[in-house]
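final05.cif follows; it contains mmCIF, C-alpha atoms.
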```
data_query
loop_
_atom_site.label_atom_id
_atom_site.label_comp_id
_atom_site.auth_asym_id
_atom_site.auth_seq_id
_atom_site.Cartn_x
_atom_site.Cartn_y
_atom_site.Cartn_z
CA MET A 1 17.31 14.43 -7.86
CA THR A 2 18.24 18.05 -7.13
CA PRO A 3 15.31 20.47 -6.88
CA GLN A 4 15.38 23.06 -9.65
CA PRO A 5 13.35 26.14 -8.70
CA ASP A 6 10.72 27.20 -11.20
CA PRO A 7 8.31 29.55 -9.41
CA GLN A 8 6.50 30.49 -12.62
CA LEU A 9 5.59 26.88 -13.38
CA GLY A 10 4.62 26.36 -9.73
CA ALA A 11 2.24 29.31 -9.89
CA ALA A 12 0.68 27.91 -13.06
CA VAL A 13 0.21 24.47 -11.50
CA SER A 14 -1.43 26.03 -8.44
CA ALA A 15 -3.71 28.22 -10.55
CA VAL A 16 -5.02 25.28 -12.61
CA ASP A 17 -5.44 23.21 -9.44
CA ARG A 18 -7.57 25.87 -7.81
CA ALA A 19 -9.59 26.34 -10.99
CA HIS A 20 -10.42 22.68 -11.56
CA VAL A 21 -9.40 20.21 -8.81
CA PHE A 22 -11.96 19.45 -6.10
CA HIS A 23 -9.99 18.31 -3.05
CA SER A 24 -11.18 15.76 -0.50
CA TRP A 25 -12.14 16.62 3.10
CA SER A 26 -11.79 20.35 2.38
CA ALA A 27 -13.69 23.60 2.11
CA GLN A 28 -12.51 24.41 -1.39
CA GLU A 29 -12.04 28.18 -1.01
CA LEU A 30 -10.14 27.87 2.26
CA ILE A 31 -7.22 25.75 1.05
CA ALA A 32 -3.99 26.47 -0.82
CA PRO A 33 -2.41 23.11 -1.73
CA LEU A 34 1.35 23.10 -2.05
CA ALA A 35 2.46 22.61 -5.65
CA VAL A 36 4.91 19.69 -5.60
CA ALA A 37 7.63 19.56 -8.24
CA GLY A 38 9.20 16.20 -7.43
CA ALA A 39 9.98 13.53 -4.88
CA GLU A 40 12.61 10.90 -4.22
CA GLY A 41 13.25 8.59 -1.29
CA SER A 42 12.09 10.24 1.92
CA TYR A 43 11.93 13.76 0.48
CA PHE A 44 9.76 15.90 -1.78
CA TRP A 45 10.16 19.50 -2.94
CA ASP A 46 8.18 22.42 -4.28
CA TYR A 47 8.73 24.75 -7.24
CA GLU A 48 10.44 27.30 -5.01
CA GLY A 49 13.22 24.80 -4.35
CA ASN A 50 12.13 24.05 -0.75
CA ARG A 51 12.81 20.43 0.18
CA TYR A 52 10.82 18.59 2.87
CA LEU A 53 11.56 15.42 4.80
CA ASP A 54 8.26 13.56 4.56
CA PHE A 55 7.21 12.30 7.98
CA THR A 56 3.77 11.43 6.54
CA SER A 57 4.74 8.91 3.82
CA GLY A 58 2.15 10.61 1.62
CA LEU A 59 -0.92 9.40 3.50
CA VAL A 60 1.07 6.67 5.24
CA PHE A 61 1.57 4.69 2.05
CA THR A 62 5.04 5.34 0.59
CA ASN A 63 6.51 2.55 2.70
CA ILE A 64 9.55 2.26 0.40
CA GLY A 65 9.74 6.00 -0.28
CA TYR A 66 9.22 7.85 -3.53
CA GLN A 67 10.49 6.71 -6.93
CA HIS A 68 12.16 3.44 -5.96
CA PRO A 69 13.93 2.54 -9.22
CA LYS A 70 13.06 -1.16 -9.14
CA VAL A 71 9.34 -0.49 -8.74
CA VAL A 72 9.37 2.25 -11.37
CA ALA A 73 11.10 -0.18 -13.76
CA ALA A 74 8.55 -2.90 -13.01
CA ILE A 75 5.67 -0.56 -13.84
CA GLN A 76 7.36 0.49 -17.07
CA GLU A 77 8.00 -3.13 -18.04
CA GLN A 78 4.41 -4.13 -17.30
CA ALA A 79 3.09 -1.17 -19.30
CA ALA A 80 5.15 -2.28 -22.28
CA THR A 81 3.88 -5.87 -21.96
CA MET A 82 0.24 -5.55 -20.89
CA THR A 83 -1.04 -2.20 -19.68
CA THR A 84 -4.46 -3.45 -18.61
CA PHE A 85 -6.77 -6.43 -18.78
CA ALA A 86 -10.19 -7.36 -17.45
CA PRO A 87 -10.37 -8.97 -13.99
CA ALA A 88 -12.10 -12.20 -15.10
CA PHE A 89 -8.87 -13.51 -16.67
CA ALA A 90 -5.73 -15.02 -15.16
CA VAL A 91 -2.88 -12.54 -15.59
CA GLU A 92 0.69 -13.18 -14.50
CA ALA A 93 1.16 -9.97 -12.48
CA ARG A 94 -2.18 -10.49 -10.72
CA SER A 95 -1.50 -14.13 -9.91
CA GLU A 96 2.01 -13.42 -8.62
CA ALA A 97 0.87 -10.48 -6.48
CA ALA A 98 -1.81 -12.67 -4.89
CA ARG A 99 0.72 -15.43 -4.22
CA LEU A 100 3.23 -13.10 -2.58
CA ILE A 101 0.56 -11.50 -0.39
CA ALA A 102 -0.89 -14.88 0.63
CA GLU A 103 2.59 -16.07 1.60
CA ARG A 104 2.75 -13.29 4.18
CA THR A 105 -0.76 -13.21 5.60
CA PRO A 106 -1.35 -15.20 8.80
CA GLY A 107 -3.11 -18.56 9.00
CA ASP A 108 -5.13 -19.69 6.00
CA LEU A 109 -5.86 -16.27 4.52
CA ASP A 110 -4.86 -17.61 1.12
CA LYS A 111 -7.47 -16.14 -1.22
CA ILE A 112 -7.01 -12.54 -2.33
CA PHE A 113 -9.79 -10.30 -3.64
CA PHE A 114 -8.26 -7.20 -5.22
CA THR A 115 -9.74 -3.70 -4.99
CA ASN A 116 -8.57 -0.24 -5.98
CA GLY A 117 -7.89 0.89 -2.41
CA GLY A 118 -8.54 0.47 1.29
CA ALA A 119 -12.11 1.77 1.47
CA GLU A 120 -13.25 -0.66 -1.22
CA ALA A 121 -11.44 -3.44 0.64
CA VAL A 122 -13.47 -2.64 3.76
CA GLU A 123 -16.67 -2.42 1.72
CA ASN A 124 -16.13 -5.90 0.34
CA ALA A 125 -14.93 -7.42 3.61
CA THR A 126 -18.10 -6.32 5.41
CA ARG A 127 -20.22 -7.56 2.50
CA MET A 128 -18.49 -10.94 2.68
CA ALA A 129 -19.09 -11.14 6.43
CA ARG A 130 -22.78 -10.38 6.04
CA LEU A 131 -23.24 -12.90 3.23
CA HIS A 132 -21.21 -15.56 5.04
CA THR A 133 -23.24 -15.27 8.23
CA GLY A 134 -26.60 -14.10 6.91
CA ARG A 135 -26.60 -11.42 9.62
CA PRO A 136 -26.97 -7.64 9.18
CA LYS A 137 -24.85 -5.83 11.79
CA VAL A 138 -21.15 -5.01 11.96
CA LEU A 139 -19.49 -3.71 15.13
CA SER A 140 -16.74 -1.11 14.86
CA ALA A 141 -14.77 0.99 17.31
CA TYR A 142 -14.82 4.64 18.16
CA ARG A 143 -11.41 6.17 17.39
CA SER A 144 -11.13 4.41 14.05
CA TYR A 145 -10.97 5.17 10.35
CA HIS A 146 -11.99 2.68 7.66
CA GLY A 147 -12.43 4.76 4.50
CA GLY A 148 -14.61 7.29 2.73
CA THR A 149 -17.05 5.11 0.75
CA ALA A 150 -20.59 4.37 1.93
CA ALA A 151 -20.12 1.38 4.23
CA ALA A 152 -16.55 2.30 5.19
CA ILE A 153 -17.40 5.83 6.33
CA ASN A 154 -20.31 4.51 8.41
CA LEU A 155 -17.91 2.07 10.09
CA THR A 156 -15.52 4.94 10.84
CA GLY A 157 -15.42 6.31 14.37
CA ASP A 158 -14.19 9.86 13.78
CA PRO A 159 -16.04 13.10 12.87
CA ARG A 160 -15.63 12.61 9.13
CA ARG A 161 -18.48 10.13 9.44
CA TRP A 162 -20.98 12.59 10.90
CA PRO A 163 -22.23 14.34 7.71
CA SER A 164 -22.88 10.99 5.98
CA ASP A 165 -24.22 8.93 8.90
CA ASN A 166 -27.95 8.36 8.51
CA GLY A 167 -28.08 5.84 11.34
CA SER A 168 -29.33 3.00 9.12
CA ALA A 169 -26.12 1.33 7.97
CA GLY A 170 -26.29 -1.67 10.31
CA VAL A 171 -23.28 -0.41 12.31
CA VAL A 172 -22.92 -0.54 16.10
CA ARG A 173 -19.95 1.15 17.74
CA PHE A 174 -18.04 0.22 20.88
CA TRP A 175 -15.02 1.46 22.82
CA ALA A 176 -11.72 -0.25 22.06
CA PRO A 177 -8.85 -0.07 24.60
CA PHE A 178 -6.83 3.14 24.90
CA LEU A 179 -5.21 3.37 28.31
CA TYR A 180 -4.07 7.02 28.08
CA ARG A 181 -7.68 8.15 27.64
CA SER A 182 -9.39 5.06 29.03
CA PRO A 183 -13.19 5.05 28.85
CA PHE A 184 -13.03 2.30 31.50
CA HIS A 185 -11.04 4.25 34.15
CA SER A 186 -8.32 1.58 34.05
CA GLY A 187 -5.04 1.92 35.89
CA ASN A 188 -2.94 -0.47 33.81
CA GLU A 189 -2.97 -2.46 30.58
CA ALA A 190 -4.35 -5.63 32.17
CA GLU A 191 -7.36 -3.76 33.55
CA GLU A 192 -7.87 -1.98 30.24
CA ARG A 193 -7.82 -5.28 28.34
CA GLU A 194 -10.28 -7.04 30.64
CA ARG A 195 -12.67 -4.10 30.91
CA ALA A 196 -12.61 -3.48 27.15
CA LEU A 197 -13.34 -7.14 26.44
CA ALA A 198 -16.17 -7.18 29.01
CA HIS A 199 -17.63 -4.05 27.41
CA LEU A 200 -17.40 -5.63 23.95
CA GLU A 201 -19.11 -8.80 25.11
CA ASP A 202 -21.86 -6.76 26.78
CA THR A 203 -22.35 -4.93 23.46
CA ILE A 204 -22.61 -8.24 21.61
CA VAL A 205 -25.09 -9.68 24.11
CA PHE A 206 -27.32 -6.61 24.22
CA GLU A 207 -27.28 -6.18 20.43
CA GLY A 208 -28.09 -9.88 19.93
CA PRO A 209 -25.31 -12.22 18.80
CA SER A 210 -27.53 -13.70 16.10
CA THR A 211 -27.75 -10.26 14.44
CA ILE A 212 -23.99 -9.55 14.28
CA ALA A 213 -22.08 -10.51 11.13
CA GLY A 214 -18.67 -9.08 11.96
CA ILE A 215 -16.41 -7.10 14.21
CA ILE A 216 -13.93 -4.85 12.44
CA LEU A 217 -10.85 -3.38 14.10
CA GLU A 218 -7.74 -1.67 12.86
CA THR A 219 -5.04 -3.96 14.26
CA VAL A 220 -3.22 -0.81 15.37
CA PRO A 221 -5.51 2.19 14.79
CA GLY A 222 -3.78 4.67 12.52
CA THR A 223 -5.37 8.06 11.84
CA ALA A 224 -7.22 7.83 15.16
CA GLY A 225 -4.00 7.88 17.16
CA ILE A 226 -1.72 4.81 16.76
CA MET A 227 -2.89 3.02 19.90
CA THR A 228 -1.30 -0.44 20.09
CA PRO A 229 -3.81 -2.73 21.83
CA PRO A 230 -2.76 -4.22 25.17
CA PRO A 231 -1.43 -7.80 25.18
CA GLY A 232 -4.24 -10.32 24.97
CA TYR A 233 -6.92 -7.95 23.67
CA LEU A 234 -6.98 -9.12 20.06
CA ALA A 235 -6.84 -12.75 21.23
CA GLY A 236 -9.83 -11.98 23.42
CA VAL A 237 -11.74 -10.51 20.49
CA ARG A 238 -10.89 -13.58 18.44
CA GLU A 239 -12.33 -15.78 21.21
CA LEU A 240 -15.53 -13.73 21.40
CA CYS A 241 -15.96 -13.99 17.63
CA ASP A 242 -15.51 -17.77 17.79
CA ARG A 243 -17.95 -18.07 20.69
CA TYR A 244 -20.72 -16.11 18.97
CA GLY A 245 -20.11 -17.12 15.35
CA ILE A 246 -18.97 -13.63 14.32
CA VAL A 247 -16.53 -12.88 11.48
CA PHE A 248 -13.38 -11.14 12.75
CA ILE A 249 -12.12 -8.50 10.32
CA LEU A 250 -8.76 -6.80 10.81
CA ASP A 251 -8.12 -3.60 8.88
CA GLU A 252 -4.42 -3.46 7.98
CA VAL A 253 -4.77 -0.82 5.27
CA MET A 254 -2.41 1.54 7.12
CA ALA A 255 -0.59 -0.81 9.50
CA GLY A 256 0.32 -3.49 6.96
CA PHE A 257 3.37 -4.17 4.81
CA GLY A 258 6.17 -3.26 7.18
CA ARG A 259 4.70 -0.17 8.81
CA THR A 260 4.86 -1.62 12.33
CA GLY A 261 8.13 -3.49 11.80
CA ALA A 262 6.34 -6.68 10.74
CA TRP A 263 4.74 -7.69 7.45
CA PHE A 264 1.36 -7.23 9.12
CA ALA A 265 0.66 -5.68 12.51
CA VAL A 266 -1.20 -8.82 13.57
CA ASP A 267 2.16 -10.63 13.48
CA HIS A 268 2.97 -8.90 16.77
CA PHE A 269 0.13 -10.78 18.47
CA GLU A 270 0.93 -14.48 18.60
CA GLY A 271 -1.85 -16.85 17.63
CA VAL A 272 -4.29 -14.20 16.39
CA VAL A 273 -5.67 -14.88 12.92
CA PRO A 274 -8.67 -12.93 11.57
CA ASP A 275 -11.23 -14.32 9.15
CA LEU A 276 -10.73 -11.40 6.78
CA LEU A 277 -7.85 -8.94 6.49
CA THR A 278 -7.99 -5.73 4.47
CA PHE A 279 -4.90 -4.12 2.94
CA ALA A 280 -3.86 -1.33 0.56
CA LYS A 281 -1.35 1.56 0.79
CA GLY A 282 2.00 -0.13 1.51
CA VAL A 283 1.25 -3.17 -0.66
CA ASN A 284 2.87 -1.26 -3.53
CA SER A 285 3.84 1.96 -1.75
CA GLY A 286 0.91 3.70 -3.40
CA TYR A 287 2.66 3.83 -6.79
CA VAL A 288 -0.53 2.60 -8.52
CA PRO A 289 -3.85 2.33 -6.62
CA LEU A 290 -4.34 -1.16 -5.15
CA GLY A 291 -6.07 -2.74 -2.18
CA GLY A 292 -7.67 -6.01 -1.28
CA VAL A 293 -9.12 -8.53 1.11
CA ALA A 294 -7.28 -11.64 2.27
CA ILE A 295 -9.93 -14.32 2.85
CA SER A 296 -9.91 -17.36 5.14
CA GLY A 297 -10.77 -20.83 3.91
CA ALA A 298 -14.10 -20.88 5.72
CA VAL A 299 -15.29 -17.58 4.23
CA ALA A 300 -13.96 -18.48 0.78
CA GLU A 301 -15.87 -21.76 0.90
CA THR A 302 -19.14 -19.82 1.16
CA PHE A 303 -18.54 -18.64 -2.40
CA ALA A 304 -17.14 -21.87 -3.83
CA LYS A 305 -20.39 -22.70 -5.63
CA ARG A 306 -22.31 -19.52 -4.87
CA PRO A 307 -21.31 -16.42 -6.85
CA TYR A 308 -19.83 -13.59 -4.83
CA PRO A 309 -22.01 -10.56 -5.68
CA GLY A 310 -19.28 -7.96 -5.99
CA GLY A 311 -16.58 -6.85 -8.37
CA LEU A 312 -14.62 -3.92 -9.76
CA THR A 313 -13.67 -3.04 -13.32
CA TYR A 314 -10.04 -2.58 -12.33
CA SER A 315 -9.76 -5.38 -9.76
CA GLY A 316 -6.18 -6.62 -9.82
CA HIS A 317 -5.08 -4.07 -12.42
CA PRO A 318 -1.87 -5.36 -14.06
CA LEU A 319 0.10 -2.14 -13.48
CA ALA A 320 -0.90 -2.05 -9.82
CA CYS A 321 -0.15 -5.74 -9.33
CA ALA A 322 3.22 -5.47 -11.06
CA ALA A 323 4.02 -2.62 -8.67
CA ALA A 324 2.97 -4.81 -5.75
CA VAL A 325 5.17 -7.71 -6.90
CA ALA A 326 8.16 -5.39 -7.24
CA THR A 327 7.46 -3.66 -3.91
CA ILE A 328 7.14 -6.90 -1.95
CA ASN A 329 10.31 -8.26 -3.54
CA VAL A 330 12.18 -5.01 -2.79
CA MET A 331 11.03 -5.15 0.82
CA ALA A 332 12.20 -8.75 1.14
CA ASP A 333 15.51 -8.29 -0.70
CA GLU A 334 16.44 -5.05 1.07
CA GLY A 335 15.26 -6.06 4.55
CA VAL A 336 12.83 -3.14 4.77
CA VAL A 337 10.60 -4.75 7.41
CA GLU A 338 13.56 -5.55 9.65
CA HIS A 339 14.97 -2.06 9.06
CA ALA A 340 11.67 -0.46 10.11
CA ALA A 341 11.67 -2.52 13.30
CA ARG A 342 15.26 -1.57 14.13
CA ILE A 343 15.00 2.15 13.38
CA GLY A 344 11.76 2.29 15.32
CA ALA A 345 13.22 0.55 18.36
CA ASP A 346 16.68 2.15 18.32
CA VAL A 347 16.15 5.63 16.88
CA ILE A 348 12.55 6.85 16.57
CA GLY A 349 11.17 5.49 19.85
CA PRO A 350 14.09 6.61 22.05
CA GLY A 351 14.26 9.94 20.20
CA LEU A 352 10.59 10.68 20.76
CA ARG A 353 10.79 9.73 24.43
CA ASP A 354 13.73 12.10 24.77
CA LEU A 355 11.61 14.87 23.24
CA ALA A 356 8.86 14.11 25.74
CA GLU A 357 11.31 14.62 28.58
CA ARG A 358 12.09 18.13 27.36
CA HIS A 359 8.77 19.36 25.99
CA PRO A 360 5.88 19.79 28.43
CA SER A 361 3.38 19.73 25.54
CA VAL A 362 4.07 16.01 24.94
CA GLY A 363 1.63 14.01 27.02
CA GLU A 364 2.38 10.55 25.66
CA VAL A 365 4.63 8.79 23.15
CA ARG A 366 3.33 5.56 21.64
CA GLY A 367 4.04 3.34 18.66
CA LEU A 368 6.27 0.73 17.07
CA GLY A 369 8.22 0.30 13.86
CA MET A 370 7.62 3.35 11.66
CA PHE A 371 4.24 4.00 13.28
CA TRP A 372 4.34 6.54 16.14
CA ALA A 373 2.24 9.32 17.67
CA LEU A 374 2.88 12.18 20.04
CA GLU A 375 -0.18 13.17 22.07
CA LEU A 376 0.07 16.94 22.60
CA VAL A 377 -1.53 18.43 25.70
CA ARG A 378 -1.99 21.71 27.54
CA ASP A 379 -1.52 20.03 30.91
CA ARG A 380 0.21 16.70 31.54
CA GLU A 381 -1.57 16.19 34.84
CA THR A 382 -5.11 16.66 33.55
CA ARG A 383 -4.23 15.40 30.03
CA GLU A 384 -6.26 18.24 28.52
CA PRO A 385 -5.62 18.06 24.75
CA LEU A 386 -3.66 20.88 23.18
CA VAL A 387 -6.75 21.59 21.05
CA PRO A 388 -10.36 20.43 21.54
CA TYR A 389 -11.69 17.35 19.79
CA ASN A 390 -12.31 18.09 16.09
CA ALA A 391 -11.10 21.68 16.52
CA THR A 392 -11.12 24.07 13.56
CA GLY A 393 -10.23 27.71 12.96
CA ASP A 394 -8.95 29.67 15.95
CA ALA A 395 -9.53 26.71 18.29
CA ASN A 396 -6.96 24.75 16.28
CA ALA A 397 -4.37 27.54 16.29
CA PRO A 398 -1.83 25.76 18.55
CA MET A 399 -1.65 22.72 16.24
CA ALA A 400 -1.51 24.97 13.19
CA ALA A 401 1.42 26.85 14.75
CA PHE A 402 3.21 23.56 15.43
CA ALA A 403 2.68 22.37 11.85
CA ALA A 404 3.90 25.67 10.42
CA ALA A 405 7.04 25.50 12.58
CA ALA A 406 7.77 21.97 11.39
CA LYS A 407 7.43 22.95 7.74
CA ALA A 408 9.67 25.97 8.30
CA ASN A 409 12.27 23.48 9.57
CA GLY A 410 12.00 21.40 6.40
CA LEU A 411 9.79 18.69 7.92
CA TRP A 412 6.35 17.82 6.58
CA PRO A 413 4.34 16.60 9.59
CA PHE A 414 1.27 14.37 9.87
CA VAL A 415 -1.11 16.32 12.13
CA ASN A 416 -4.52 15.08 13.27
CA MET A 417 -6.49 16.76 16.05
CA ASN A 418 -4.12 17.14 19.03
CA ARG A 419 -1.52 14.69 17.73
CA THR A 420 1.42 14.58 15.41
CA HIS A 421 2.17 11.18 13.93
CA VAL A 422 5.68 10.11 13.03
CA VAL A 423 5.22 7.85 10.01
CA PRO A 424 8.18 8.22 7.64
CA PRO A 425 9.01 5.71 4.90
CA CYS A 426 9.92 2.32 6.33
CA ASN A 427 13.32 2.48 4.64
CA ILE A 428 14.24 5.94 5.93
CA SER A 429 17.93 6.12 6.76
CA GLU A 430 19.14 6.58 10.33
CA PRO A 431 20.61 10.06 9.58
CA GLU A 432 17.32 11.12 7.97
CA ALA A 433 15.33 9.87 10.96
CA LYS A 434 17.58 11.81 13.32
CA ALA A 435 17.26 14.95 11.19
CA GLY A 436 13.48 14.62 11.38
CA LEU A 437 13.60 14.27 15.15
CA ALA A 438 15.74 17.40 15.38
CA ALA A 439 13.20 19.33 13.30
CA LEU A 440 10.40 18.02 15.53
CA ASP A 441 12.36 19.14 18.59
CA SER A 442 12.42 22.71 17.35
CA ALA A 443 8.78 22.68 16.16
CA LEU A 444 7.52 21.48 19.55
CA ASP A 445 8.57 24.82 21.02
CA ALA A 446 5.49 26.23 19.27
CA ALA A 447 3.29 23.69 21.06
CA ASP A 448 5.00 24.34 24.39
CA ALA A 449 3.97 27.99 24.14
CA HIS A 450 0.36 26.89 24.76
CA VAL A 451 1.01 24.73 27.81
CA ALA A 452 -0.87 25.88 30.89
#
```
Full structure transcribed into structure tokens:
Amino acid sequence: MTPQPDPQLGAAVSAVDRAHVFHSWSAQELIAPLAVAGAEGSYFWDYEGNRYLDFTSGLVFTNIGYQHPKVVAAIQEQAATMTTFAPAFAVEARSEAARLIAERTPGDLDKIFFTNGGAEAVENATRMARLHTGRPKVLSAYRSYHGGTAAAINLTGDPRRWPSDNGSAGVVRFWAPFLYRSPFHSGNEAEERERALAHLEDTIVFEGPSTIAGIILETVPGTAGIMTPPPGYLAGVRELCDRYGIVFILDEVMAGFGRTGAWFAVDHFEGVVPDLLTFAKGVNSGYVPLGGVAISGAVAETFAKRPYPGGLTYSGHPLACAAAVATINVMADEGVVEHAARIGADVIGPGLRDLAERHPSVGEVRGLGMFWALELVRDRETREPLVPYNATGDANAPMAAFAAAAKANGLWPFVNMNRTHVVPPCNISEPEAKAGLAALDSALDAADAHVA
């Protein structure tokens, strides 16, 4: 598609948006959302004719890019056949989506409970863990994000939780490993792994193992900073869960379906199988809202003759499931997962490390597949963040300047706190990836201006 400027229509779209749309996570009078006219592949454009390379994949969900013709056709075909149907029935699109997902989940995670998105998946996974064990508490990590609904936001470890946290949600938080900003003063990955596991076990012991239903972790934390856990950490958590009878929940809402260069991020960690795995986003590239929980045999057995007390009107919606079937088949047929792994290893990773060599504002590069982060700092030696934790207004000016420079270069960046995340579509072409890196190179000059 070629962008056709239409500023008058763009102004009208913006005016109606500001009159009637209430946007999430925002002070309504302080925002001016960009009016988007169209999108295709790795790009979107506005009504002024400005085209942007999307290094955010929407909200890290357009894993096969915008408007993939095979998925669009599948949605249209499903709409013509059966637009919707209640969740209590067996429907072909729903059954096939569940089969394709179960084929790719690790171990015996063969039962699929469908939701409308990732937060609802987390809600239901924690409910299942509590009912399965008969215990009240769930442990979650600082530096995490699990969703905006009641239980999910209380499990979240970033400041978006604070206004809604009444301290009575049965959640206990702990520190997960993050060597660059280690809470354990570790000098290497092995120390970080062992100290993080010891800390987690201490938390379990002092909270009372018999009170803990589950431990939830993002396999690779996303919004919180894309921190791949050190080798052996997830296996250690699995062992602790087995030892104390705790349900192990892995949140793959952002990291799943090719994002890390594997079908699921847990595939990078040999022998690790959770009891419950949540997913959404990339399952159908966000074309129609869909999420879910993949359930182990042991947890599923709890509800074999005992009703599961949970459900959603649109669980396994036919349009969403048809989109998932088409997306998974496209990813398999076009080698999207393998492509993400290759471009990440051969283009994105080396390119970002090259930027770090030349830009003093880059404190660390980390990631895999199409899942990367640049930690921006004022001082590499002290690792002082470029902006303070949860900065707003003038305190956030350096990151705002970086983001503005990126957009001026035709790149739409994912910015969170003192980081920029590099999370383009998993099927981005090599020339597009290189063009994005070049735009980042120029934009980082704005961050460098604030280095001590």
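Neighbouring residues of A:Gly148 at 8 Å or closer, counting all atoms listed in the file and skipping chain neighbours under 3 positions away, are Ala119, Ala152 and Ile153 of chain A.
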Exercise for the section: Do a neighbour search on A:His199 at 10 Å with only C-alpha atoms, toss out local chain neighbours closer than 4 positions, and write the hits as a ChimeraX atom specification. Expected result: /A:174-176,184,193-195,203-205
Considering all atoms listed in the file, tabulate each residue of stretch 55-107 of chain A that lies at most 7 Å from stretch 323-345 of chain A along with its nearest interatomic pair and the corresponding distance in Å to one decimal; arrange the rows by chain and ascending residue number and present them as JSON lines.
```
{"residue": "A:Lys70", "atom": "CA", "partner": "A:Ala326", "partner_atom": "CA", "distance": 6.7}
{"residue": "A:Val71", "atom": "CA", "partner": "A:Ala326", "partner_atom": "CA", "distance": 5.3}
{"residue": "A:Ala74", "atom": "CA", "partner": "A:Ala323", "partner_atom": "CA", "distance": 6.3}
{"residue": "A:Ile75", "atom": "CA", "partner": "A:Ala323", "partner_atom": "CA", "distance": 5.8}
{"residue": "A:Glu96", "atom": "CA", "partner": "A:Val325", "partner_atom": "CA", "distance": 6.7}
{"residue": "A:Ala97", "atom": "CA", "partner": "A:Val325", "partner_atom": "CA", "distance": 5.1}
```
Residues matched by the PyMOL selection byres ((chain A and resi 132-137) around 12) as a CSV table (one decimal) with C-alpha atoms, in the frame of the given file:
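The result, written out as out03.csv:
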```
chain,number,residue,atom,x,y,z
A,124,ASN,CA,-16.1,-5.9,0.3
A,125,ALA,CA,-14.9,-7.4,3.6
A,126,THR,CA,-18.1,-6.3,5.4
A,127,ARG,CA,-20.2,-7.6,2.5
A,128,MET,CA,-18.5,-10.9,2.7
A,129,ALA,CA,-19.1,-11.1,6.4
A,130,ARG,CA,-22.8,-10.4,6.0
A,131,LEU,CA,-23.2,-12.9,3.2
A,138,VAL,CA,-21.2,-5.0,12.0
A,139,LEU,CA,-19.5,-3.7,15.1
A,140,SER,CA,-16.7,-1.1,14.9
A,151,ALA,CA,-20.1,1.4,4.2
A,154,ASN,CA,-20.3,4.5,8.4
A,155,LEU,CA,-17.9,2.1,10.1
A,168,SER,CA,-29.3,3.0,9.1
A,169,ALA,CA,-26.1,1.3,8.0
A,170,GLY,CA,-26.3,-1.7,10.3
A,171,VAL,CA,-23.3,-0.4,12.3
A,172,VAL,CA,-22.9,-0.5,16.1
A,173,ARG,CA,-20.0,1.2,17.7
A,203,THR,CA,-22.4,-4.9,23.5
A,204,ILE,CA,-22.6,-8.2,21.6
A,207,GLU,CA,-27.3,-6.2,20.4
A,208,GLY,CA,-28.1,-9.9,19.9
A,209,PRO,CA,-25.3,-12.2,18.8
A,210,SER,CA,-27.5,-13.7,16.1
A,211,THR,CA,-27.8,-10.3,14.4
A,212,ILE,CA,-24.0,-9.6,14.3
A,213,ALA,CA,-22.1,-10.5,11.1
A,214,GLY,CA,-18.7,-9.1,12.0
A,215,ILE,CA,-16.4,-7.1,14.2
A,216,ILE,CA,-13.9,-4.8,12.4
A,241,CYS,CA,-16.0,-14.0,17.6
A,244,TYR,CA,-20.7,-16.1,19.0
A,245,GLY,CA,-20.1,-17.1,15.4
A,246,ILE,CA,-19.0,-13.6,14.3
A,247,VAL,CA,-16.5,-12.9,11.5
A,248,PHE,CA,-13.4,-11.1,12.8
A,275,ASP,CA,-11.2,-14.3,9.2
A,276,LEU,CA,-10.7,-11.4,6.8
A,295,ILE,CA,-9.9,-14.3,2.8
A,296,SER,CA,-9.9,-17.4,5.1
A,297,GLY,CA,-10.8,-20.8,3.9
A,298,ALA,CA,-14.1,-20.9,5.7
A,299,VAL,CA,-15.3,-17.6,4.2
A,300,ALA,CA,-14.0,-18.5,0.8
A,301,GLU,CA,-15.9,-21.8,0.9
A,302,THR,CA,-19.1,-19.8,1.2
A,303,PHE,CA,-18.5,-18.6,-2.4
A,304,ALA,CA,-17.1,-21.9,-3.8
A,306,ARG,CA,-22.3,-19.5,-4.9
A,307,PRO,CA,-21.3,-16.4,-6.8
A,308,TYR,CA,-19.8,-13.6,-4.8
A,309,PRO,CA,-22.0,-10.6,-5.7
```
Practice task
Report the distance between atom CA of A:Arg104 and atom CA of A:Phe264 in Å, rounded to one decimal place.
Solution key: 7.9 Å
Handout entry: Close residues, A:Gly10 itself excluded, 10 Å, only C-alpha atoms, min 2 positions apart in chain, as a VMD selection string
Key = chain A and resid 5 to 8 12 to 15 34 to 37 46 to 48
Exercise for the section: Record the distance separating atom CA of A:Arg99 and atom CA of A:Glu218, expressed in Å with one decimal. Expected result: 23.5 Å
Practice task
Name the residues captured by the PyMOL selection byres ((chain A and resi 424-440) around 9) when it is applied to the shown file; answer as a ChimeraX atom specification.
Solution key: /A:41-42,53-58,60-66,258-261,331,334-337,339-341,343,347-348,351-352,355,369-371,405-407,409-411,413,422-423,441-445
Handout entry: Separation of atom CA of A:Glu92 from atom CA of A:Gly310, in Å and rounded to one decimal
Key = 22.3 Å
Completion exercise
Among A:Ala280, A:Val387, A:Ala373, A:Leu368, A:Glu120 is approached most closely, using only C-alpha atoms, by A:Ala280
Practice task
Return the single residue from A:Ala86, A:Leu374, A:Val16, A:Leu240 that is closest to A:Gly349, with distances computed using all atoms listed in the file.
Solution key: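 Among the listed residues, A:Leu374 lies closest to A:Gly349.
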Practice task
For the structure shown, which residues end up in the PyMOL selection byres ((chain A and resi 267) around 12)? Put them as a PyMOL selection string, please?
Solution key: chain A and resi 104-107+219-220+234+250+252+255-266+268-274+337
